[in-house]
Every structure is written in structure tokens, then in C-alpha cells.
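Visitor: Data: start.txt, compact mmCIF, C-alpha atoms.
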# COMPACT_ATOMS: atom_id res chain seq x y z
CA MET A 1 -38.26 7.96 20.55
CA ASP A 2 -37.43 4.40 21.49
CA ALA A 3 -34.14 4.22 23.38
CA ALA A 4 -33.12 1.29 21.18
CA ILE A 5 -32.31 3.70 18.38
CA THR A 6 -29.17 4.79 20.18
CA ASP A 7 -28.02 1.21 20.82
CA GLU A 8 -28.45 -0.64 17.55
CA CYS A 9 -27.82 -0.18 13.85
CA VAL A 10 -30.88 0.82 11.88
CA GLY A 11 -29.91 -0.35 8.38
CA GLY A 12 -31.52 1.01 5.23
CA ALA A 13 -29.80 3.64 3.10
CA ILE A 14 -28.97 7.32 3.38
CA VAL A 15 -28.69 9.29 0.15
CA VAL A 16 -27.04 12.70 0.25
CA PHE A 17 -27.85 14.87 -2.77
CA ALA A 18 -24.98 17.30 -3.36
CA LYS A 19 -23.73 19.76 -5.93
CA CYS A 20 -19.99 20.10 -6.35
CA PRO A 21 -18.75 23.24 -4.56
CA ILE A 22 -17.69 25.27 -7.60
CA ALA A 23 -16.94 28.99 -7.30
CA GLY A 24 -19.49 30.97 -9.29
CA ALA A 25 -21.89 28.02 -9.51
CA SER A 26 -22.44 26.97 -5.88
CA LYS A 27 -24.59 28.86 -3.37
CA THR A 28 -24.63 31.88 -5.69
CA ARG A 29 -27.19 33.70 -3.55
CA LEU A 30 -24.54 33.87 -0.82
CA ALA A 31 -22.01 35.58 -3.09
CA PRO A 32 -23.05 39.15 -2.11
CA LEU A 33 -22.05 38.32 1.47
CA LEU A 34 -19.21 35.84 0.98
CA GLY A 35 -18.01 36.28 -2.61
CA ASP A 36 -17.92 33.43 -5.14
CA ASP A 37 -14.96 31.70 -3.51
CA GLY A 38 -16.40 32.12 -0.02
CA ALA A 39 -19.77 30.73 -1.07
CA ALA A 40 -18.07 27.66 -2.58
CA ALA A 41 -15.91 27.25 0.54
CA LEU A 42 -19.00 27.32 2.76
CA ALA A 43 -20.74 24.80 0.47
CA ARG A 44 -17.78 22.42 0.80
CA ALA A 45 -17.71 22.90 4.58
CA MET A 46 -21.44 22.19 4.93
CA LEU A 47 -21.17 19.08 2.77
CA SER A 48 -18.18 17.91 4.83
CA ASP A 49 -20.17 18.32 8.04
CA VAL A 50 -23.10 16.34 6.64
CA LEU A 51 -20.79 13.48 5.64
CA VAL A 52 -18.84 13.53 8.91
CA SER A 53 -21.98 13.62 11.07
CA ILE A 54 -23.57 10.67 9.29
CA SER A 55 -20.38 8.60 9.27
CA GLY A 56 -19.69 9.24 12.93
CA TYR A 57 -23.13 8.42 14.32
CA PRO A 58 -23.01 4.85 15.74
CA PRO A 59 -26.60 3.77 14.89
CA LEU A 60 -25.81 4.46 11.22
CA ARG A 61 -22.57 2.49 11.03
CA ASN A 62 -24.14 -0.32 8.97
CA THR A 63 -26.43 1.91 6.95
CA LEU A 64 -25.64 2.10 3.24
CA LYS A 65 -24.29 5.59 2.55
CA VAL A 66 -24.63 7.05 -0.94
CA LEU A 67 -23.43 10.41 -2.23
CA VAL A 68 -25.33 11.43 -5.37
CA TYR A 69 -23.38 14.25 -7.01
CA ALA A 70 -23.87 16.86 -9.71
CA PRO A 71 -22.52 17.46 -12.21
CA GLY A 72 -22.41 13.73 -12.92
CA THR A 73 -19.22 14.08 -14.94
CA ALA A 74 -15.63 12.90 -14.54
CA PRO A 75 -14.60 16.27 -13.02
CA GLY A 76 -17.59 16.07 -10.69
CA GLU A 77 -16.59 12.59 -9.55
CA ALA A 78 -13.00 13.75 -9.07
CA GLN A 79 -14.07 16.65 -6.87
CA MET A 80 -16.34 14.53 -4.69
CA THR A 81 -13.64 11.86 -4.44
CA ALA A 82 -11.20 14.50 -3.23
CA ILE A 83 -13.66 15.68 -0.55
CA LEU A 84 -14.21 12.13 0.73
CA GLN A 85 -10.48 11.41 0.70
CA ALA A 86 -9.76 14.61 2.65
CA LEU A 87 -12.21 13.35 5.28
CA GLN A 88 -10.48 9.92 5.19
CA PHE A 89 -13.63 8.01 4.26
CA PRO A 90 -13.47 4.83 2.17
CA ILE A 91 -15.00 5.14 -1.30
CA HIS A 92 -16.87 2.26 -2.90
CA LYS A 93 -16.34 2.75 -6.62
CA GLY A 94 -16.81 -0.85 -7.69
CA VAL A 95 -20.35 -0.79 -6.34
CA THR A 96 -21.52 -4.21 -7.49
CA THR A 97 -18.32 -5.98 -6.46
CA THR A 98 -18.24 -4.26 -3.08
CA LEU A 99 -21.85 -4.93 -2.18
CA GLU A 100 -21.64 -8.58 -3.24
CA ASN A 101 -18.88 -8.95 -0.64
CA GLU A 102 -20.51 -10.38 2.48
CA GLY A 103 -18.12 -8.34 4.64
CA PHE A 104 -19.56 -4.99 3.54
CA ASP A 105 -20.36 -2.95 6.63
CA GLY A 106 -21.34 0.47 5.30
CA SER A 107 -18.20 2.19 6.58
CA GLY A 108 -17.56 3.95 3.27
CA TRP A 109 -19.50 5.96 0.73
CA VAL A 110 -20.88 4.92 -2.65
CA LEU A 111 -20.50 7.62 -5.30
CA LEU A 112 -23.36 7.84 -7.81
CA PRO A 113 -23.63 10.49 -10.55
CA MET A 114 -26.86 12.46 -10.47
CA LYS A 115 -29.17 11.82 -13.39
CA SER A 116 -28.62 14.48 -16.02
CA SER A 117 -31.59 16.35 -17.42
CA SER A 118 -30.03 16.01 -20.85
CA ALA A 119 -29.66 12.26 -20.36
CA ALA A 120 -33.35 12.06 -19.55
CA ASN A 121 -34.02 13.45 -22.99
CA GLY A 122 -31.67 11.02 -24.72
CA ASN A 123 -28.78 13.45 -25.15
CA LYS A 124 -25.53 11.46 -25.23
CA GLU A 125 -23.54 14.57 -24.39
CA ALA A 126 -25.10 14.69 -20.92
CA GLN A 127 -22.03 13.15 -19.35
CA SER A 128 -19.64 15.58 -20.99
CA GLU A 129 -18.07 18.48 -19.17
CA GLY A 130 -20.28 20.82 -21.11
CA ALA A 131 -23.36 19.38 -19.40
CA SER A 132 -22.14 20.29 -15.94
CA LYS A 133 -24.06 23.51 -15.45
CA SER A 134 -27.34 21.97 -16.57
CA ASP A 135 -27.10 19.61 -13.61
CA LEU A 136 -26.36 22.49 -11.28
CA THR A 137 -29.32 24.63 -12.36
CA SER A 138 -31.96 22.14 -13.48
CA SER A 139 -35.38 22.26 -11.82
CA SER A 140 -36.16 18.59 -12.62
CA LEU A 141 -35.31 17.47 -9.10
CA GLY A 142 -38.24 15.07 -8.95
CA ASP A 143 -36.89 12.95 -11.81
CA LYS A 144 -33.46 12.87 -10.18
CA LEU A 145 -34.82 11.81 -6.80
CA ALA A 146 -36.94 9.09 -8.41
CA ASP A 147 -33.95 7.82 -10.40
CA ALA A 148 -31.76 7.76 -7.28
CA LEU A 149 -34.46 5.93 -5.33
CA VAL A 150 -34.63 3.18 -7.95
CA ARG A 151 -30.84 2.80 -8.09
CA VAL A 152 -30.36 2.75 -4.32
CA ARG A 153 -33.18 0.25 -3.85
CA GLY A 154 -31.27 -1.90 -6.33
CA LEU A 155 -28.14 -1.63 -4.19
CA LEU A 156 -30.08 -2.66 -1.10
CA ALA A 157 -30.94 -5.90 -2.88
CA LYS A 158 -27.29 -6.90 -3.32
CA GLY A 159 -24.95 -9.03 -1.23
CA SER A 160 -25.27 -8.94 2.54
CA LEU A 161 -27.66 -6.00 2.31
CA ARG A 162 -30.20 -8.36 0.77
CA ASN A 163 -30.72 -9.93 4.20
CA ASN A 164 -31.31 -6.64 6.01
CA PRO A 165 -35.06 -6.23 6.58
CA ASN A 166 -34.79 -2.42 6.51
CA LYS A 167 -35.21 -1.25 2.91
CA ALA A 168 -36.01 2.37 3.79
CA VAL A 169 -34.19 5.10 1.84
CA LEU A 170 -33.61 8.46 3.48
CA PHE A 171 -32.77 11.57 1.45
CA LEU A 172 -30.76 14.52 2.72
CA GLY A 173 -29.34 17.63 1.11
CA MET A 174 -26.11 19.49 1.82
CA ASP A 175 -27.67 22.84 2.77
CA ALA A 176 -28.51 22.06 6.41
CA PRO A 177 -25.24 21.26 8.24
CA GLU A 178 -26.88 21.05 11.69
CA LEU A 179 -28.16 17.52 11.18
CA PRO A 180 -30.81 16.09 13.53
CA LEU A 181 -29.06 12.72 13.83
CA GLU A 182 -31.69 11.05 15.96
CA GLU A 183 -34.35 12.11 13.45
CA ILE A 184 -32.34 10.31 10.76
CA ALA A 185 -32.16 7.07 12.74
CA HIS A 186 -35.79 7.45 13.80
CA GLY A 187 -36.92 8.06 10.21
CA LEU A 188 -35.15 4.95 8.94
CA GLN A 189 -36.68 2.83 11.69
CA LEU A 190 -40.14 4.31 11.19
CA SER A 191 -40.09 3.77 7.42
CA SER A 192 -38.97 0.19 7.94
CA GLY A 193 -41.12 -0.84 10.88
CA ASN A 194 -44.37 1.03 10.25
CA GLY A 195 -44.04 1.75 6.56
CA LYS A 196 -44.44 5.48 7.08
CA ALA A 197 -42.49 8.24 5.42
CA HIS A 198 -40.77 10.68 7.77
CA MET A 199 -40.12 14.32 6.87
CA CYS A 200 -38.33 17.22 8.53
CA PRO A 201 -39.60 20.48 6.98
CA ALA A 202 -37.15 23.31 6.33
CA ASN A 203 -37.50 26.92 7.35
CA ASP A 204 -37.92 28.05 3.73
CA GLY A 205 -40.96 25.90 2.90
CA GLY A 206 -38.98 22.97 1.57
CA TYR A 207 -37.73 19.98 3.50
CA GLY A 208 -34.32 18.87 4.68
CA LEU A 209 -34.96 15.16 5.31
CA LEU A 210 -37.28 12.57 3.81
CA SER A 211 -37.32 8.87 4.65
CA VAL A 212 -39.21 6.71 2.15
CA PRO A 213 -40.61 3.20 2.86
CA LYS A 214 -40.10 0.38 0.38
CA HIS A 215 -43.71 0.35 -0.84
CA ALA A 216 -43.70 4.03 -1.90
CA PRO A 217 -43.90 4.17 -5.73
CA SER A 218 -40.71 5.82 -7.01
CA ASP A 219 -42.37 7.02 -10.21
CA GLU A 220 -45.19 8.83 -8.40
CA ILE A 221 -44.10 10.30 -5.08
CA PHE A 222 -41.92 13.07 -6.55
CA SER A 223 -43.73 13.80 -9.81
CA SER A 224 -46.17 16.48 -8.62
CA VAL A 225 -43.94 18.28 -6.11
CA ARG A 226 -43.53 22.05 -6.52
CA TRP A 227 -39.78 22.46 -6.29
CA SER A 228 -38.10 25.69 -5.13
CA ASP A 229 -41.45 26.91 -3.87
CA PRO A 230 -42.80 27.93 -0.44
CA LEU A 231 -45.15 24.94 -0.76
CA THR A 232 -42.51 22.33 -1.60
CA ALA A 233 -42.92 20.42 1.68
CA VAL A 234 -46.73 20.62 1.56
CA SER A 235 -46.84 19.38 -2.03
CA GLN A 236 -44.44 16.54 -1.14
CA LEU A 237 -46.76 15.54 1.69
CA LYS A 238 -49.69 15.53 -0.69
CA ALA A 239 -47.81 13.43 -3.23
CA LEU A 240 -47.01 10.84 -0.55
CA THR A 241 -50.47 10.63 1.01
CA ASP A 242 -52.13 10.59 -2.41
CA ASN A 243 -50.12 7.42 -3.06
CA GLY A 244 -51.16 5.74 0.17
CA VAL A 245 -48.04 6.60 2.18
CA ASP A 246 -48.66 7.97 5.67
CA VAL A 247 -46.20 10.62 6.85
CA SER A 248 -44.80 11.61 10.23
CA ILE A 249 -43.35 15.08 10.75
CA GLY A 250 -40.12 15.71 12.60
CA LYS A 251 -38.48 18.87 13.76
CA LEU A 252 -37.66 21.94 11.69
CA MET A 253 -34.35 22.06 9.80
CA TYR A 254 -32.50 25.18 8.72
CA ASP A 255 -31.38 25.45 5.10
CA ILE A 256 -28.57 27.89 4.36
CA ASP A 257 -29.55 29.58 1.11
CA GLU A 258 -29.60 33.33 1.72
CA PRO A 259 -27.21 35.81 3.42
CA ALA A 260 -29.68 36.15 6.30
CA ASP A 261 -29.50 32.36 6.79
CA VAL A 262 -25.72 32.62 7.18
CA GLN A 263 -26.10 35.34 9.80
CA GLU A 264 -28.61 33.27 11.76
CA LEU A 265 -26.39 30.20 11.47
CA ALA A 266 -23.48 32.21 12.86
CA LYS A 267 -25.59 33.17 15.87
CA ARG A 268 -26.50 29.54 16.51
CA LEU A 269 -22.89 28.39 16.23
CA ALA A 270 -21.48 31.10 18.49
CA PRO A 271 -21.18 29.76 22.06
CA HIS A 272 -23.77 30.91 24.56
CA PRO A 273 -23.80 29.67 28.16
CA ASN A 274 -27.58 29.41 28.42
CA LYS A 275 -28.37 28.31 24.87
CA GLN A 276 -30.37 25.11 24.56
CA SER A 277 -32.46 23.79 21.70
CA ASN A 278 -36.18 23.63 22.41
CA ILE A 279 -36.97 20.55 20.36
CA ALA A 280 -40.68 20.39 21.19
CA THR A 281 -41.16 24.02 20.11
CA GLU A 282 -39.35 23.37 16.85
CA VAL A 283 -41.50 20.34 16.06
CA GLN A 284 -44.67 22.34 16.69
CA THR A 285 -43.27 25.13 14.49
CA ALA A 286 -42.66 22.59 11.72
CA LYS A 287 -46.21 21.25 12.02
CA ASP A 288 -47.70 24.74 12.04
CA ALA A 289 -45.63 25.72 9.01
CA LEU A 290 -47.19 22.88 7.02
CA ALA A 291 -50.72 23.70 8.22
CA THR A 292 -51.96 20.24 7.25
CA GLN A 293 -55.00 18.42 8.60
CA SER A 294 -54.65 15.09 6.76
CA SER A 295 -55.33 11.97 8.80
CA GLY A 296 -52.29 10.45 7.10
CA ILE A 297 -49.93 12.91 8.79
CA SER A 298 -48.66 12.66 12.36
CA THR A 299 -46.08 14.46 14.44
CA ILE A 300 -43.33 12.48 16.15
CA CYS A 301 -40.61 14.11 18.25
CA PRO A 302 -37.57 11.96 19.09
CA ALA A 303 -36.98 12.54 22.79
CA GLY A 304 -33.76 14.35 23.59
CA ALA A 305 -32.92 14.93 19.93
CA GLN A 306 -29.89 17.10 19.33
CA ARG A 307 -28.35 18.70 16.28
CA SER A 308 -24.85 17.74 15.21
CA ILE A 309 -22.17 20.41 15.66
CA PRO A 310 -20.94 21.47 12.20
CA HIS A 311 -17.26 22.09 12.95
CA HIS A 312 -16.19 22.50 9.32
CA THR A 313 -18.92 25.05 8.74
CA ARG A 314 -18.05 26.97 11.87
CA LYS A 315 -14.36 27.07 10.88
CA ALA A 316 -15.27 28.37 7.41
CA LEU A 317 -17.35 31.16 8.97
CA VAL A 318 -14.52 32.01 11.36
CA ASP A 319 -12.06 32.12 8.45
CA MET A 320 -14.40 34.55 6.65
CA ASN A 321 -14.85 36.69 9.78
CA ILE A 322 -18.57 35.93 10.00
CA ILE A 323 -17.98 34.44 13.44
CA ALA A 324 -15.43 36.14 15.70
CA ASN A 325 -12.21 34.16 16.00
CA ASP A 326 -12.26 34.29 19.81
CA CYS A 327 -15.67 32.58 20.10
Translate the structure of the given file into C-alpha cells.

Guide:
Amino acid sequence: MDAAITDECVGGAIVVFAKCPIAGASKTRLAPLLGDDGAAALARAMLSDVLVSISGYPPLRNTLKVLVYAPGTAPGEAQMTAILQALQFPIHKGVTTTLENEGFDGSGWVLLPMKSSSAANGNKEAQSEGASKSDLTSSSLGDKLADALVRVRGLLAKGSLRNNPNKAVLFLGMDAPELPLEEIAHGLQLSSGNGKAHMCPANDGGYGLLSVPKHAPSDEIFSSVRWSDPLTAVSQLKALTDNGVDVSIGKLMYDIDEPADVQELAKRLAPHPNKQSNIATEVQTAKDALATQSSGISTICPAGAQRSIPHHTRKALVDMNIIANDC
């Protein structure tokens, strides 16, 4: 990785896709281990760590930061607003007015409601409270990502952001609290400078990070992806390369979806005097997991990359006695 990444702002936009942490509806596969309330508490902690890590990383200080939330209802907005306020982050609610202000510096977060599946079918009740669970369980993630990409590209064309040459848009979820921050900055630079997409595969066959260059067609690159499938990352790679977008592969990310994932996360967060991350091994593992031979795919490992420390997540696990309190 070029050392300049750590010294200058990279621009572009980061979009965090997040479901409101609602007991009984969030991270339900973790309920056998943590209970409904514990699963929701961990979801909130992981989301908090993602937001804190991004906001606190200097190269991203002028990057547009967008939180796309589901359900895209008034209660959903209220819950996400409360989370951002608890973290003391500014919230840009008057998006157009804020971004037309030449003094905008990306210090806060833009809240955007996630496209509702019902809305896609012309149902006017999609924004009602009754539509909330459809947004939490829908499998039409491709449509929602494409919609968010179009809207965020529109925001990048406003105000002072119009003059920023970096129009890359990077997507993240809330399920991997150990963020590879240098991969994020690297992905935004790569998608801007070379016009490549950049992906970090996840341990479950999906992916935890995807940076998209400005020429990638929003209506095509997500349409054929096999969501919630062991081949999600592979099918996303195919969708990108089929549309003329070369892809670089970063290091492996760890989604927290199952009880076993929580146990492994607890091991990684517990202090160990000799524990160090072997980044090169993880990148090779990510490449092997995809098992791709396309000439449009390359592997790039940011030198010295480190994961962020998810303090909120660790505290939640300590509070639930998953990690010993004396660690």
C-alpha cells in the first residue's frame, strides 16, 4: 500500500448498511447463545464500533459517510438517530442543504432510509411501521444496494463534493466490527485512481467490504448476485467482471452471524501477549476461498494493515460474560 494513504484524505463515500438493533428481529441466530436482548445489544455494539472506527480514522475525515438503515420508517430513523447521538456524531438530516454548503467536511453522518421491498412494488404502505419487518427479512439486497448506489452518487455530485475527483462508493455492513481501516482507504483510492472495484471476502462466503468505481453500472452489478449463499462473493465478482469492472481482493473479514462466530470473536478480542495478525496469510486465505482464475481479479495486500479494536463489542461481550471481566 502506498504510504500516502495514511497522510491524506481519500474522498469518495462510505455507505454502511445497517438494520436497527431490535430484540427478536436482530441477529436472531445468536439468540440461543445470547438471548433476544443480548443479540440486539451485540448488534448495537457492533454497529457502534463500525461507526466509531470510520469516523476516527484520519484518512476518511473528508469522506462522505452515509448510514442506510432498515426499517426505513420513522421509528427506524429515531433509533439510528439515537445511536449516532449517543456516539456524539453530527447528523446531516437536511441532506441537500448541508451538501450545498461549501464548508461541508464529512464530519457527520447522512441518514438514508433503506429502499423498502414493498416500495419497489409500488406499495404506499412501505414506509409505515407495519412494513418494518419486511425490510429486516427481505432477500432483495441487490435492489437495495443498487438504489443506495444511485442516491449516494447523487450526493457526491452536490456542493463542494462536486469538485472532489474521487467518486468511488464503498459499501460496508454492520456484522464485522473488526474493520480493516487501511483496506477501506485503499479501496476508495483504488476505485478512484485505477477504476477497479475492491472486495474483502468474508469467512462465510459473502463479503464484508466492496468499493465500486464510478463507471460500474448500478443497475447491473448487483442483479445476479446469490445473496445469503456460500457463493455470494464469487457471484459478486462475476457480476462485476461481466460488466467490465476489474476487481482486487483484500484480506478476509469475519462476519458475526452464528454462535460459533461470537466464540471466535471473543478469542480474538481477549488479550494475548504473543498474538499478532498475519495479514499476508489472511489475504491468501481470502483468495483461496474465492478460487477464481479470472484475469480481471488481482490480490492487493495493504502493507501493515491492522484491524480496528471494537471496544463497544468487547464491552458487550464482557457484560454478557462471554469474555471474562478480568481480561

Visitor: Using all atoms listed in the file, determine which residues lie at most 10 Å from range 193-198 of chain A, disregarding the query and same-chain residues fewer than 3 positions distant; provide the list as a PyMOL selection string.

Guide: chain A and resi 165-170+183-184+186-190+201+209-216+237+240-241+244-250+296-300

Visitor: Which residue is closest to Gly205 in chain A? Choose from A:Asp242, A:Asp257, A:Asp229, A:Glu178 and count all atoms listed in the file.

Guide: A:Asp229

Visitor: In Å, with one decimal, what is the gap from CA of Cys200 in chain A to CA of Pro177 in chain A?

Guide: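 According to the coordinates, CA of Cys200 in chain A and CA of Pro177 in chain A are separated by 13.7 Å.
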
Visitor: Measuring atom to atom with only C-alpha atoms, identify which of A:Val150, A:Gly12, A:Leu34, A:Leu111 is nearest to Asp319 in chain A.

Guide: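 So, comparing all the options, the nearest one is A:Leu34.
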
Visitor: A:Ala266, A:Ile221, A:Leu112, A:Ala13: which is nearest Arg61 in chain A, counting only C-alpha atoms?

Guide: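 Under the stated criterion, the closest residue is A:Ala13.
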
Visitor: Which residue is closest to Leu172 in chain A? Choose from A:Leu51, A:Met114, A:Leu84, A:Ala23 and count all atoms listed in the file.

Guide: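 Using all atoms listed in the file, Leu172 in chain A sits closest to A:Leu51.
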
Visitor: One decimal, in Å: what's the spacing between CA of Ala202 in chain A and CA of Leu252 in chain A?

Guide: 5.6 Å

Visitor: Find, counting all atoms listed in the file, the residue in A:Asn164, A:Gln263, A:Thr81, A:Ser228 that gets nearest to Ser192 in chain A.

Guide: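 Counting all atoms listed in the file, the residue closest to Ser192 in chain A is A:Asn164.
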
Visitor: For the atom pair CA of Pro180 in chain A and CA of Val15 in chain A, what is the interatomic distance in Å to one decimal place?

Guide: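 It comes out at 15.2 Å.
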
Visitor: I need range 199-211 of chain A written out with all heavy atoms, as a short mmCIF file (atom, residue, chain, number, x, y, z; two decimals), in the first residue's frame; please produce it.

Guide:
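And here is the file that came out, out-v8.cif:
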data_model
loop_
_atom_site.label_atom_id
_atom_site.label_comp_id
_atom_site.auth_asym_id
_atom_site.auth_seq_id
_atom_site.Cartn_x
_atom_site.Cartn_y
_atom_site.Cartn_z
N MET A 199 -12.68 -5.70 -3.08
CA MET A 199 -13.55 -6.52 -2.23
C MET A 199 -12.74 -7.22 -1.15
O MET A 199 -11.64 -7.72 -1.40
CB MET A 199 -14.28 -7.58 -3.07
CG MET A 199 -15.12 -8.55 -2.25
SD MET A 199 -15.72 -9.96 -3.22
CE MET A 199 -16.93 -9.13 -4.24
N CYS A 200 -13.31 -7.26 0.05
CA CYS A 200 -12.79 -8.10 1.13
C CYS A 200 -13.79 -9.22 1.38
O CYS A 200 -14.89 -8.95 1.90
CB CYS A 200 -12.57 -7.29 2.40
SG CYS A 200 -11.16 -6.18 2.35
N PRO A 201 -13.48 -10.45 1.00
CA PRO A 201 -14.40 -11.56 1.24
C PRO A 201 -14.59 -11.80 2.74
O PRO A 201 -13.74 -11.44 3.55
CB PRO A 201 -13.71 -12.76 0.58
CG PRO A 201 -12.68 -12.17 -0.33
CD PRO A 201 -12.26 -10.89 0.30
N ALA A 202 -15.71 -12.41 3.08
CA ALA A 202 -16.00 -12.76 4.47
C ALA A 202 -15.83 -14.26 4.66
O ALA A 202 -15.84 -15.04 3.70
CB ALA A 202 -17.41 -12.33 4.86
N ASN A 203 -15.69 -14.65 5.90
CA ASN A 203 -15.42 -16.05 6.23
C ASN A 203 -16.59 -16.98 5.92
O ASN A 203 -16.44 -18.19 5.89
CB ASN A 203 -15.06 -16.18 7.71
CG ASN A 203 -16.14 -15.63 8.63
OD1 ASN A 203 -16.65 -14.53 8.41
ND2 ASN A 203 -16.49 -16.38 9.66
N ASP A 204 -17.77 -16.42 5.67
CA ASP A 204 -18.95 -17.26 5.43
C ASP A 204 -19.31 -17.38 3.95
O ASP A 204 -20.37 -17.91 3.60
CB ASP A 204 -20.15 -16.71 6.20
CG ASP A 204 -20.50 -15.28 5.81
OD1 ASP A 204 -19.82 -14.71 4.93
OD2 ASP A 204 -21.45 -14.71 6.39
N GLY A 205 -18.45 -16.89 3.07
CA GLY A 205 -18.72 -16.95 1.63
C GLY A 205 -19.27 -15.67 1.06
O GLY A 205 -19.39 -15.54 -0.16
N GLY A 206 -19.64 -14.74 1.93
CA GLY A 206 -20.09 -13.43 1.47
C GLY A 206 -18.92 -12.48 1.38
O GLY A 206 -17.78 -12.87 1.18
N TYR A 207 -19.21 -11.19 1.53
CA TYR A 207 -18.13 -10.21 1.58
C TYR A 207 -18.49 -9.13 2.57
O TYR A 207 -19.66 -8.83 2.82
CB TYR A 207 -17.82 -9.64 0.20
CG TYR A 207 -18.95 -8.94 -0.52
CD1 TYR A 207 -19.18 -7.58 -0.33
CD2 TYR A 207 -19.76 -9.62 -1.42
CE1 TYR A 207 -20.20 -6.92 -1.01
CE2 TYR A 207 -20.78 -8.98 -2.10
CZ TYR A 207 -21.00 -7.64 -1.88
OH TYR A 207 -22.02 -6.99 -2.55
N GLY A 208 -17.45 -8.53 3.16
CA GLY A 208 -17.68 -7.51 4.18
C GLY A 208 -17.42 -6.11 3.71
O GLY A 208 -17.79 -5.15 4.39
N LEU A 209 -16.79 -5.96 2.54
CA LEU A 209 -16.42 -4.64 2.02
C LEU A 209 -16.41 -4.71 0.50
O LEU A 209 -15.90 -5.67 -0.08
CB LEU A 209 -15.03 -4.26 2.56
CG LEU A 209 -14.35 -2.96 2.14
CD1 LEU A 209 -13.28 -2.58 3.19
CD2 LEU A 209 -13.69 -3.04 0.76
N LEU A 210 -16.98 -3.69 -0.13
CA LEU A 210 -16.94 -3.60 -1.58
C LEU A 210 -16.87 -2.14 -1.97
O LEU A 210 -17.75 -1.35 -1.65
CB LEU A 210 -18.17 -4.23 -2.22
CG LEU A 210 -18.23 -4.14 -3.75
CD1 LEU A 210 -17.10 -4.94 -4.39
CD2 LEU A 210 -19.58 -4.61 -4.28
N SER A 211 -15.78 -1.76 -2.66
CA SER A 211 -15.63 -0.42 -3.19
C SER A 211 -15.92 -0.45 -4.69
O SER A 211 -15.40 -1.29 -5.41
CB SER A 211 -14.21 0.10 -2.94
OG SER A 211 -14.08 1.44 -3.35
#
